[in-house]
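The structure under discussion appears below in the form of structure tokens.
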Amino acid sequence: MTELKAGTLVICCAAVLCSIFEVICPNGKMEKVIQMVLGLFMVSSILISIQSITCKLHFDSLSHKPANYKDCKFKEAVNEQLRGRISQKMKEIVLKILKENEIEAKKVDIIMDTKEDNCISIKNIGVILNRGDVEKKHFVKKVLEERLDITTHVDVGSD
């Protein structure tokens, strides 16, 4: 900000000096030459001020990293840890519900997403049952969706 103030001060001083010399300057043949010299002086003072200002300014927008880069990295790390912990807890809850109904799952997947406002949401739950549990597929889907109120996809393994 001080560079901007200094640049404007230089331009203002140059304008005042040019005005004073123009008033003092005699009329006649020398008047046009003096006006040209004063014009060049004014243009050069403007260019020097602009060059001085732009050299000292830092353009953060040209950098790919945001100004609060460390804060962003920290938030991303915390969100990643939260997603992992939430996913693990949800798997435990699903396995507990299945165990209460005497059903064993081969695999449980929790599909989550982070919204624009950094809220973590659970999109759906994927459960893969053992090969012999084909008849329990619809029951598992119904029980999990009723208890958890989350869309559930249930498949049967092929091994």
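The chains in the structure tokens are called A, B, ... from first to last as shown; in each chain the residues are counted from 1, and the ligands are counted from 1 in the order shown.
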
Problem - Those in chain A with strand (DSSP E or B) from DSSP, as a ChimeraX atom specification - result: /A:105-114,120-129,152-156

Completion exercise
Correct to one decimal, the distance CA of Met112 (chain A)-CA of Ser87 (chain A) is 7.9 Å

Exercise for the section: In Å, rounded to a single decimal, give me how far CA of Ile50 (chain A) is from CA of Gln35 (chain A). Expected result: 22.5 Å

Counting only C-alpha atoms, which residues of region 76-108 of chain A sit at most 7 Å from some atom of region 124-142 of chain A, and what is each one's closest atom pair with its distance in Å to one decimal, listed by chain and rising residue number, as a tab-separated table?
```
residue	atom	partner	partner_atom	distance
A:Glu104	CA	A:Leu129	CA	6.8
A:Ala105	CA	A:Leu129	CA	4.6
A:Lys106	CA	A:Leu129	CA	5.1
A:Lys107	CA	A:Ile128	CA	5.0
A:Val108	CA	A:Val127	CA	4.6
```

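Excluding Gly7 (chain A) itself and any same-chain residue fewer than 3 positions from it, the protein and nucleic acid residues within 9 Å of it, counting only C-alpha atoms, are A:Thr2, A:Glu3, A:Leu4, A:Val10, A:Ile11, A:Cys12, A:Ser45, A:Ile46, A:Ile48, A:Ser49, A:Ile50, A:Ser52, A:Ile53.
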
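CA of Ile120 (chain A) to CA of Leu82 (chain A) spans 8.5 Å [interatomic distance, one decimal].
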
Practice task
List every residue of chain A that DSSP, applied to the backbone of this structure, assigns to helix (DSSP H, G or I), and report them as a PyMOL selection string.
Solution key: chain A and resi 2-24+29-56+60-62+69-100+131-148

What lies within 10 Å of Gly39 (chain A) using only C-alpha atoms, ignoring chain neighbours under 6 positions off, as a tab-separated table (two decimals) with N, CA and C atoms, in the first residue's frame?
```tsv
chain	number	residue	atom	x	y	z
A	15	ALA	N	2.98	16.61	-11.76
A	15	ALA	CA	1.92	17.43	-12.36
A	15	ALA	C	2.00	18.87	-11.87
A	18	CYS	N	5.05	20.55	-13.54
A	18	CYS	CA	4.76	20.85	-14.94
A	18	CYS	C	3.86	22.07	-15.06
A	33	VAL	N	8.24	23.75	-27.47
A	33	VAL	CA	9.35	22.87	-27.06
A	33	VAL	C	9.26	22.56	-25.58
A	45	SER	N	7.43	10.20	-15.54
A	45	SER	CA	7.17	10.06	-14.11
A	45	SER	C	6.01	9.09	-13.86
```

Fill in the blank from the handout: Among A:Thr114, A:Leu144, A:Val78, A:Glu22, Lys91 (chain A) is approached most closely, using only C-alpha atoms, by A:Leu144

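Here the question is which of A:Asp149, A:Asp155, A:Asp113, A:Glu31 gets nearest to Glu80 (chain A) using only C-alpha atoms, and that residue is A:Asp113.
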